[in-house]
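Asks: Enclosed is the structure file final08.pdb (PDB, C-alpha atoms).
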ATOM      1  CA  MET A   1    -190.000-113.533 -84.196
ATOM      2  CA  ARG A   2    -188.760-113.385 -80.611
ATOM      3  CA  GLY A   3    -190.170-111.066 -77.957
ATOM      4  CA  TRP A   4    -189.073-107.468 -77.587
ATOM      5  CA  ALA A   5    -185.493-106.703 -76.556
ATOM      6  CA  PRO A   6    -183.990-109.204 -79.037
ATOM      7  CA  GLY A   7    -180.253-109.712 -78.798
ATOM      8  CA  PHE A   8    -179.847-108.497 -75.207
ATOM      9  CA  ASN A   9    -177.796-110.306 -72.599
ATOM     10  CA  GLU A  10    -179.529-111.476 -69.453
ATOM     11  CA  ASP A  11    -178.487-108.292 -67.627
ATOM     12  CA  GLY A  12    -180.042-106.050 -70.241
ATOM     13  CA  PHE A  13    -176.981-105.024 -72.259
ATOM     14  CA  PRO A  14    -176.614-105.591 -76.016
ATOM     15  CA  PRO A  15    -173.660-107.844 -76.834
ATOM     16  CA  THR A  16    -172.026-104.966 -78.748
ATOM     17  CA  LEU A  17    -172.006-102.886 -75.570
ATOM     18  CA  PRO A  18    -171.132-104.895 -72.432
ATOM     19  CA  ARG A  19    -171.686-103.316 -69.058
ATOM     20  CA  PRO A  20    -168.637-101.241 -68.098
ATOM     21  CA  PRO A  21    -166.959-101.702 -64.701
ATOM     22  CA  GLY A  22    -168.735 -99.911 -61.905
ATOM     23  CA  LYS A  23    -172.018 -99.485 -63.811
ATOM     24  CA  THR A  24    -175.157-100.753 -62.144
ATOM     25  CA  LEU A  25    -178.453-101.486 -63.777
ATOM     26  CA  LEU A  26    -180.942 -98.651 -63.779
ATOM     27  CA  ILE A  27    -184.220 -99.490 -62.070
ATOM     28  CA  HIS A  28    -186.810 -98.861 -64.771
ATOM     29  CA  GLN A  29    -189.149 -96.717 -62.765
ATOM     30  CA  THR A  30    -191.314 -94.026 -64.279
ATOM     31  CA  SER A  31    -189.602 -91.349 -62.213
ATOM     32  CA  ALA A  32    -186.137 -92.335 -63.463
ATOM     33  CA  ILE A  33    -187.242 -92.327 -67.097
ATOM     34  CA  SER A  34    -189.126 -89.061 -66.612
ATOM     35  CA  THR A  35    -186.035 -87.407 -65.156
ATOM     36  CA  LEU A  36    -183.853 -88.640 -68.003
ATOM     37  CA  ARG A  37    -186.424 -87.448 -70.526
ATOM     38  CA  ALA A  38    -186.607 -83.989 -68.941
ATOM     39  CA  ARG A  39    -182.825 -83.634 -69.017
ATOM     40  CA  TYR A  40    -182.691 -84.824 -72.627
ATOM     41  CA  LEU A  41    -185.355 -82.280 -73.573
ATOM     42  CA  ALA A  42    -183.416 -79.527 -71.817
ATOM     43  CA  ALA A  43    -180.304 -80.486 -73.789
ATOM     44  CA  GLN A  44    -182.303 -80.302 -77.014
ATOM     45  CA  LEU A  45    -183.701 -76.871 -76.220
ATOM     46  CA  SER A  46    -180.249 -75.544 -75.315
ATOM     47  CA  GLY A  47    -178.738 -76.959 -78.506
ATOM     48  CA  ASN A  48    -176.299 -79.208 -76.632
ATOM     49  CA  ARG A  49    -176.146 -82.326 -78.779
ATOM     50  CA  GLN A  50    -173.136 -83.797 -76.968
ATOM     51  CA  GLU A  51    -175.011 -83.660 -73.660
ATOM     52  CA  ALA A  52    -178.088 -85.188 -75.263
ATOM     53  CA  LEU A  53    -175.992 -88.064 -76.582
ATOM     54  CA  ARG A  54    -174.179 -88.470 -73.267
ATOM     55  CA  LEU A  55    -177.474 -88.723 -71.394
ATOM     56  CA  VAL A  56    -178.889 -91.363 -73.713
ATOM     57  CA  VAL A  57    -175.697 -93.452 -73.812
ATOM     58  CA  ASP A  58    -174.097 -93.014 -70.379
ATOM     59  CA  GLU A  59    -177.237 -92.692 -68.258
ATOM     60  CA  GLY A  60    -179.478 -94.772 -70.463
ATOM     61  CA  LEU A  61    -177.892 -97.489 -72.574
ATOM     62  CA  LEU A  62    -174.891 -98.154 -70.315
ATOM     63  CA  CYS A  63    -177.184 -98.338 -67.293
ATOM     64  CA  GLY A  64    -179.291-101.073 -68.854
ATOM     65  CA  VAL A  65    -182.192 -99.143 -70.370
ATOM     66  CA  PRO A  66    -183.232-101.115 -73.483
ATOM     67  CA  LEU A  67    -182.820 -99.345 -76.792
ATOM     68  CA  GLN A  68    -186.534 -99.684 -77.489
ATOM     69  CA  GLU A  69    -187.314 -97.763 -74.308
ATOM     70  CA  LEU A  70    -184.774 -95.075 -75.147
ATOM     71  CA  HIS A  71    -186.346 -94.677 -78.563
ATOM     72  CA  LEU A  72    -189.928 -94.459 -77.342
ATOM     73  CA  GLU A  73    -189.786 -93.020 -73.832
ATOM     74  CA  ILE A  74    -186.905 -90.569 -74.272
ATOM     75  CA  ILE A  75    -186.423 -89.573 -77.909
ATOM     76  CA  GLN A  76    -189.940 -89.987 -79.283
ATOM     77  CA  ALA A  77    -191.611 -88.539 -76.198
ATOM     78  CA  SER A  78    -189.263 -85.537 -76.278
ATOM     79  CA  GLN A  79    -190.012 -84.980 -79.950
ATOM     80  CA  TYR A  80    -193.738 -84.947 -79.161
ATOM     81  CA  GLU A  81    -193.077 -82.293 -76.527
ATOM     82  CA  ILE A  82    -190.962 -80.277 -78.969
ATOM     83  CA  GLY A  83    -193.854 -80.418 -81.424
ATOM     84  CA  ARG A  84    -196.288 -79.228 -78.771
ATOM     85  CA  LEU A  85    -194.029 -76.337 -77.783
ATOM     86  CA  TRP A  86    -193.742 -75.284 -81.418
ATOM     87  CA  GLN A  87    -197.473 -75.629 -82.048
ATOM     88  CA  GLU A  88    -198.225 -73.389 -79.046
ATOM     89  CA  ASN A  89    -195.596 -70.817 -80.134
ATOM     90  CA  HIS A  90    -193.353 -71.394 -77.125
ATOM     91  CA  ILE A  91    -190.388 -72.118 -79.394
ATOM     92  CA  SER A  92    -189.496 -70.979 -82.911
ATOM     93  CA  VAL A  93    -189.215 -73.028 -86.086
ATOM     94  CA  ALA A  94    -185.439 -72.674 -85.804
ATOM     95  CA  GLN A  95    -185.484 -74.112 -82.271
ATOM     96  CA  GLU A  96    -187.716 -76.980 -83.391
ATOM     97  CA  HIS A  97    -185.316 -77.768 -86.237
ATOM     98  CA  MET A  98    -182.329 -77.644 -83.879
ATOM     99  CA  ALA A  99    -183.996 -79.987 -81.382
ATOM    100  CA  THR A 100    -185.000 -82.423 -84.119
ATOM    101  CA  ALA A 101    -181.488 -82.402 -85.575
ATOM    102  CA  ILE A 102    -180.199 -83.415 -82.147
ATOM    103  CA  SER A 103    -182.550 -86.403 -82.047
ATOM    104  CA  GLN A 104    -181.403 -87.414 -85.530
ATOM    105  CA  PHE A 105    -177.798 -87.139 -84.334
ATOM    106  CA  VAL A 106    -178.530 -89.337 -81.306
ATOM    107  CA  LEU A 107    -180.427 -91.929 -83.357
ATOM    108  CA  ALA A 108    -177.523 -92.146 -85.808
ATOM    109  CA  HIS A 109    -175.139 -92.893 -82.937
ATOM    110  CA  LEU A 110    -177.484 -95.502 -81.446
ATOM    111  CA  TYR A 111    -177.913 -97.288 -84.776
ATOM    112  CA  ARG A 112    -174.720 -99.344 -84.500
ATOM    113  CA  HIS A 113    -175.892-100.703 -81.140
ATOM    114  CA  LEU A 114    -179.237-102.007 -82.405
ATOM    115  CA  PRO A 115    -179.813-105.598 -81.249
ATOM    116  CA  ARG A 116    -181.074-107.557 -84.230
ATOM    117  CA  ASP A 117    -183.049-110.747 -84.649
ATOM    118  CA  PRO A 118    -181.827-113.079 -87.404
ATOM    119  CA  ALA A 119    -182.677-111.808 -90.887
ATOM    120  CA  ASN A 120    -186.138-112.962 -91.963
ATOM    121  CA  GLY A 121    -185.634-112.338 -95.680
ATOM    122  CA  LYS A 122    -188.345-109.681 -95.966
ATOM    123  CA  VAL A 123    -187.709-106.196 -97.369
ATOM    124  CA  VAL A 124    -189.616-103.170 -96.081
ATOM    125  CA  MET A 125    -189.478 -99.839 -97.925
ATOM    126  CA  MET A 126    -190.015 -96.848 -95.614
ATOM    127  CA  ALA A 127    -190.811 -93.335 -96.854
ATOM    128  CA  CYS A 128    -192.415 -90.082 -95.746
ATOM    129  CA  VAL A 129    -195.110 -88.891 -98.137
ATOM    130  CA  GLU A 130    -194.595 -85.912-100.422
ATOM    131  CA  GLY A 131    -194.309 -82.657 -98.478
ATOM    132  CA  GLU A 132    -193.724 -84.423 -95.149
ATOM    133  CA  LEU A 133    -190.411 -83.192 -93.756
ATOM    134  CA  HIS A 134    -190.660 -84.870 -90.338
ATOM    135  CA  GLU A 135    -188.688 -88.095 -90.653
ATOM    136  CA  VAL A 136    -187.647 -88.920 -87.074
ATOM    137  CA  GLY A 137    -190.666 -91.170 -86.546
ATOM    138  CA  ALA A 138    -190.023 -93.027 -89.802
ATOM    139  CA  ARG A 139    -186.356 -93.424 -88.883
ATOM    140  CA  MET A 140    -187.288 -94.884 -85.493
ATOM    141  CA  ALA A 141    -189.838 -97.227 -87.053
ATOM    142  CA  SER A 142    -187.123 -98.366 -89.482
ATOM    143  CA  ASP A 143    -184.833 -99.130 -86.547
ATOM    144  CA  PHE A 144    -187.563-101.194 -84.864
ATOM    145  CA  LEU A 145    -188.126-103.152 -88.075
ATOM    146  CA  GLU A 146    -184.389-103.833 -88.384
ATOM    147  CA  MET A 147    -184.265-105.045 -84.781
ATOM    148  CA  ALA A 148    -187.003-107.528 -85.714
ATOM    149  CA  GLY A 149    -184.966-108.941 -88.620
ATOM    150  CA  PHE A 150    -186.368-106.977 -91.572
ATOM    151  CA  ASP A 151    -184.191-105.534 -94.338
ATOM    152  CA  VAL A 152    -185.258-101.865 -94.398
ATOM    153  CA  ARG A 153    -184.833 -99.483 -97.321
ATOM    154  CA  PHE A 154    -185.219 -96.085 -95.647
ATOM    155  CA  ILE A 155    -185.905 -93.425 -98.303
ATOM    156  CA  GLY A 156    -186.465 -90.471 -95.972
ATOM    157  CA  ALA A 157    -188.545 -87.312 -96.078
ATOM    158  CA  ASN A 158    -190.682 -85.711 -98.789
ATOM    159  CA  VAL A 159    -190.830 -88.490-101.379
ATOM    160  CA  PRO A 160    -192.936 -87.595-104.446
ATOM    161  CA  ALA A 161    -195.587 -90.212-105.205
ATOM    162  CA  ASP A 162    -194.424 -90.766-108.809
ATOM    163  CA  HIS A 163    -190.829 -91.368-107.722
ATOM    164  CA  LEU A 164    -191.959 -93.677-104.913
ATOM    165  CA  ALA A 165    -194.017 -95.741-107.356
ATOM    166  CA  ARG A 166    -191.037 -95.917-109.714
ATOM    167  CA  MET A 167    -188.779 -97.250-106.952
ATOM    168  CA  VAL A 168    -191.400 -99.814-105.951
ATOM    169  CA  ARG A 169    -191.591-100.984-109.552
ATOM    170  CA  GLU A 170    -187.814-101.146-110.022
ATOM    171  CA  THR A 171    -186.878-102.672-106.642
ATOM    172  CA  PRO A 172    -190.045-104.284-105.264
ATOM    173  CA  PRO A 173    -190.235-104.638-101.462
ATOM    174  CA  HIS A 174    -192.404-107.095 -99.560
ATOM    175  CA  LEU A 175    -194.047-104.224 -97.654
ATOM    176  CA  LEU A 176    -194.272-100.468 -98.160
ATOM    177  CA  ALA A 177    -194.522 -98.295 -95.033
ATOM    178  CA  LEU A 178    -195.594 -94.652 -95.378
ATOM    179  CA  SER A 179    -195.100 -92.069 -92.636
ATOM    180  CA  VAL A 180    -197.116 -88.869 -92.142
ATOM    181  CA  THR A 181    -196.816 -86.485 -89.195
ATOM    182  CA  MET A 182    -198.860 -83.443 -90.206
ATOM    183  CA  PRO A 183    -202.591 -84.054 -90.848
ATOM    184  CA  PHE A 184    -202.681 -81.676 -93.814
ATOM    185  CA  HIS A 185    -200.559 -84.227 -95.691
ATOM    186  CA  MET A 186    -203.356 -86.815 -95.696
ATOM    187  CA  PRO A 187    -204.126 -86.110 -99.399
ATOM    188  CA  GLN A 188    -200.504 -87.002-100.190
ATOM    189  CA  VAL A 189    -201.005 -90.312 -98.370
ATOM    190  CA  ARG A 190    -203.934 -91.087-100.652
ATOM    191  CA  GLU A 191    -201.953 -90.081-103.742
ATOM    192  CA  ALA A 192    -198.954 -92.222-102.751
ATOM    193  CA  VAL A 193    -201.124 -95.276-102.148
ATOM    194  CA  LEU A 194    -202.973 -94.860-105.450
ATOM    195  CA  LYS A 195    -199.744 -94.390-107.444
ATOM    196  CA  VAL A 196    -198.137 -97.446-105.875
ATOM    197  CA  ARG A 197    -201.275 -99.512-106.458
ATOM    198  CA  GLU A 198    -200.960 -98.736-110.182
ATOM    199  CA  VAL A 199    -197.559-100.444-110.389
ATOM    200  CA  SER A 200    -197.969-103.064-107.639
ATOM    201  CA  PRO A 201    -201.640-103.816-106.914
ATOM    202  CA  ARG A 202    -200.961-106.572-104.375
ATOM    203  CA  LEU A 203    -198.165-104.941-102.396
ATOM    204  CA  PRO A 204    -199.064-104.697 -98.684
ATOM    205  CA  ILE A 205    -198.974-101.068 -97.514
ATOM    206  CA  ALA A 206    -198.713 -99.781 -93.947
ATOM    207  CA  VAL A 207    -199.458 -96.159 -93.073
ATOM    208  CA  GLY A 208    -198.568 -94.585 -89.733
ATOM    209  CA  GLY A 209    -197.545 -91.454 -87.927
ATOM    210  CA  LEU A 210    -198.657 -88.808 -85.499
ATOM    211  CA  ALA A 211    -201.147 -87.392 -88.022
ATOM    212  CA  PHE A 212    -203.508 -90.223 -87.157
ATOM    213  CA  ASP A 213    -203.904 -88.773 -83.678
ATOM    214  CA  TRP A 214    -205.052 -85.485 -85.170
ATOM    215  CA  GLY A 215    -206.712 -86.188 -88.487
ATOM    216  CA  PRO A 216    -209.343 -88.476 -90.032
ATOM    217  CA  VAL A 217    -208.466 -92.086 -90.719
ATOM    218  CA  LEU A 218    -208.615 -93.213 -94.360
ATOM    219  CA  GLU A 219    -208.407 -96.935 -93.707
ATOM    220  CA  GLU A 220    -211.651 -97.887 -95.431
ATOM    221  CA  THR A 221    -210.980 -95.881 -98.594
ATOM    222  CA  LEU A 222    -207.304 -96.828 -98.906
ATOM    223  CA  GLY A 223    -207.516-100.478 -97.898
ATOM    224  CA  VAL A 224    -204.053-100.556 -96.316
ATOM    225  CA  ALA A 225    -202.773-103.232 -93.970
ATOM    226  CA  PHE A 226    -201.999-101.056 -90.963
ATOM    227  CA  PHE A 227    -202.870 -97.669 -89.488
ATOM    228  CA  GLY A 228    -201.397 -96.069 -86.384
ATOM    229  CA  LYS A 229    -198.329 -94.442 -84.898
ATOM    230  CA  SER A 230    -196.696 -97.134 -82.753
ATOM    231  CA  ALA A 231    -193.435 -98.637 -83.991
ATOM    232  CA  ARG A 232    -194.153-101.791 -82.010
ATOM    233  CA  GLU A 233    -197.585-102.138 -83.612
ATOM    234  CA  LEU A 234    -195.999-101.661 -87.032
ATOM    235  CA  VAL A 235    -193.527-104.467 -86.373
ATOM    236  CA  SER A 236    -196.289-106.791 -85.139
ATOM    237  CA  SER A 237    -198.427-105.968 -88.154
ATOM    238  CA  ALA A 238    -195.516-106.498 -90.537
ATOM    239  CA  CYS A 239    -194.796-109.898 -88.987
ATOM    240  CA  ARG A 240    -198.435-110.963 -89.280
ATOM    241  CA  THR A 241    -198.837-109.637 -92.811
ATOM    242  CA  LEU A 242    -195.636-111.224 -94.118
ATOM    243  CA  GLY A 243    -195.872-114.417 -92.083
ATOM    244  CA  VAL A 244    -192.630-114.142 -90.123
TER     245      VAL A 244
END
Would it be possible to restate this file's structure as structure tokens?

Replies:
Amino acid sequence: MRGWAPGFNEDGFPPTLPRPPGKTLLIHQTSAISTLRARYLAAQLSGNRQEALRLVVDEGLLCGVPLQELHLEIIQASQYEIGRLWQENHISVAQEHMATAISQFVLAHLYRHLPRDPANGKVVMMACVEGELHEVGARMASDFLEMAGFDVRFIGANVPADHLARMVRETPPHLLALSVTMPFHMPQVREAVLKVREVSPRLPIAVGGLAFDWGPVLEETLGVAFFGKSARELVSSACRTLGV
């Protein structure tokens, strides 16, 4: 596997999106990223999805900010802030849903620009555990895995353990990745792992998500290959585990 920013030209632009005339490379300073993130967050909170997309594409991607940085430093960081605002009752559930829908909209538009390493022949199945409705993190992790050459089967939010085990049995992946954001869904993580182990005892399983910042870690009892919340760490772990 090559280093991060696979598929980019020497000036930082993916080959699917050459630098337009008159555009200069953005200097990747913390202040510039922080300003872009603040403006993106403001667009989310105002419900302006076109402005959010414009910021990420015109002032991010077209100015040379790598897609990985846009994912982590703009979209993911803004989602963390949205979660904090909701948790502290500064915004409503409806506002949180609106903001999250905007990030999903932006990620969908960025998907076609993902720079990809050559296919490595390994299939990763990605799912949120039963009851977990927050899928942005899992979607971003799926994008990072695709950029690294993995074939990703993204199932999405709220996948019942029995149905997940059935899909693993019927279309076996090389790695199963489970996402959990809310710590009260840790029991569903355990159930999903146990159900999958019944049908595929040797399948490597990775578990990640924001919940591991807030809740207890079950690594010893579950015996999974990876714990954490970083998409980059997941990719590195997947490469080590699957030998690519």

Asks: Rank nothing, just name the residue among A:Ala148, A:Val159, A:Val207, A:Met182 nearest to Ser236 in chain A, using all atoms listed in the file.

Replies: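 Closest residue, counting all atoms listed in the file: A:Ala148.
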
Asks: Do you know which residues lie at most 10 Å from (-189.4, -86.5, -80.7), with coordinates as in the file and all atoms listed in the file counted, and could you write them as a PyMOL selection string?

Replies: chain A and resi 41+71-83+99-100+102-104+134+136-137+140

Asks: Would you write out those residues with C-alpha atoms, as a compact mmCIF listing (two decimals), keeping the file's coordinate frame?

Replies:
# COMPACT_ATOMS: atom_id res chain seq x y z
CA LEU A 41 -185.36 -82.28 -73.57
CA HIS A 71 -186.35 -94.68 -78.56
CA LEU A 72 -189.93 -94.46 -77.34
CA GLU A 73 -189.79 -93.02 -73.83
CA ILE A 74 -186.90 -90.57 -74.27
CA ILE A 75 -186.42 -89.57 -77.91
CA GLN A 76 -189.94 -89.99 -79.28
CA ALA A 77 -191.61 -88.54 -76.20
CA SER A 78 -189.26 -85.54 -76.28
CA GLN A 79 -190.01 -84.98 -79.95
CA TYR A 80 -193.74 -84.95 -79.16
CA GLU A 81 -193.08 -82.29 -76.53
CA ILE A 82 -190.96 -80.28 -78.97
CA GLY A 83 -193.85 -80.42 -81.42
CA ALA A 99 -184.00 -79.99 -81.38
CA THR A 100 -185.00 -82.42 -84.12
CA ILE A 102 -180.20 -83.42 -82.15
CA SER A 103 -182.55 -86.40 -82.05
CA GLN A 104 -181.40 -87.41 -85.53
CA HIS A 134 -190.66 -84.87 -90.34
CA VAL A 136 -187.65 -88.92 -87.07
CA GLY A 137 -190.67 -91.17 -86.55
CA MET A 140 -187.29 -94.88 -85.49

Asks: Between CA of Val244 in chain A and CA of Ala225 in chain A, what distance in Å does the model show, to one decimal?

Replies: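 Straight-line distance from CA of Val244 in chain A to CA of Ala225 in chain A works out to 15.4 Å.
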
Asks: Compare A:Glu233, A:Glu51, A:Asp151, A:Glu132 by their minimum atom-to-atom distance to His174 in chain A, counting only C-alpha atoms, and give me the closest one.

Replies: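 Of A:Glu233, A:Glu51, A:Asp151, A:Glu132, the one nearest His174 in chain A, counting only C-alpha atoms, is A:Asp151.
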
Asks: Starting from the shown file, work through the PyMOL selection byres ((chain A and resi 153) around 12) and note down what comes out as an NGL selection string.

Replies: :A and (122-127 or 138-139 or 141-143 or 145-146 or 150-152 or 154-156 or 164 or 167-168 or 171-178)

Asks: For the structure provided, state which residues fall under the PyMOL selection byres ((chain A and resi 224) around 6), and present them as a PDB file with C-alpha atoms, in the frame of the given file.

Replies:
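Now in out_32.pdb:
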ATOM      1  CA  ILE A 205    -198.974-101.068 -97.514  1.00  0.00           C
ATOM      2  CA  ALA A 206    -198.713 -99.781 -93.947  1.00  0.00           C
ATOM      3  CA  LEU A 222    -207.304 -96.828 -98.906  1.00  0.00           C
ATOM      4  CA  GLY A 223    -207.516-100.478 -97.898  1.00  0.00           C
ATOM      5  CA  ALA A 225    -202.773-103.232 -93.970  1.00  0.00           C
ATOM      6  CA  PHE A 226    -201.999-101.056 -90.963  1.00  0.00           C
TER       7      PHE A 226
END

Asks: One decimal, in Å: what's the spacing between CA of Cys128 in chain A and CA of Ser179 in chain A?

Replies: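 Answer for the CA of Cys128 in chain A to CA of Ser179 in chain A separation: 4.6 Å.
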
Asks: Let me make sure I understand: among A:Phe144, A:Glu135, A:Glu130, A:Arg166, which one has the smallest atom-to-atom distance to Phe184 in chain A if we use only C-alpha atoms?

Replies: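 Closest to Phe184 in chain A of all the choices is A:Glu130.
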
Asks: In Å, how far is it from CA of Gly149 in chain A to CA of Cys239 in chain A?

Replies: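 That distance, rounded to one decimal, is 9.9 Å.
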
Asks: Pick from A:His163, A:Leu67, A:Met147, A:Arg37: nearest to Asp117 in chain A, with all atoms listed in the file counted?

Replies: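 That would be A:Met147, the residue with the smallest distance to Asp117 in chain A.
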
Asks: As lines of an AutoDock Vina configuration file, what would the box around range 40-56 of chain A look like: edges along x, y and z, 4 Å added on every side, centre and edge lengths in Å to one decimal?

Replies:
center_x = -179.2
center_y = -83.5
center_z = -75.1
size_x = 20.2
size_y = 23.8
size_z = 15.4

Asks: Starting from the displayed file, determine the output of the PyMOL selection byres ((chain A and resi 95) around 9) and express the residue list as an MDAnalysis selection string.

Replies: chainID A and resid 44:47 82 86 91:94 96:100

Asks: Taking all atoms listed in the file into account, which of A:Val180, A:Ala52, A:Ala157, A:Leu70 comes nearest Ser34 in chain A?

Replies: A:Leu70

Asks: I'd like to know which of A:Ala165, A:Val65, A:Ala231, A:Ala211 is closest to Val199 in chain A, using all atoms listed in the file.

Replies: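 Checking each candidate against Val199 in chain A, we get A:Ala165 as the closest.
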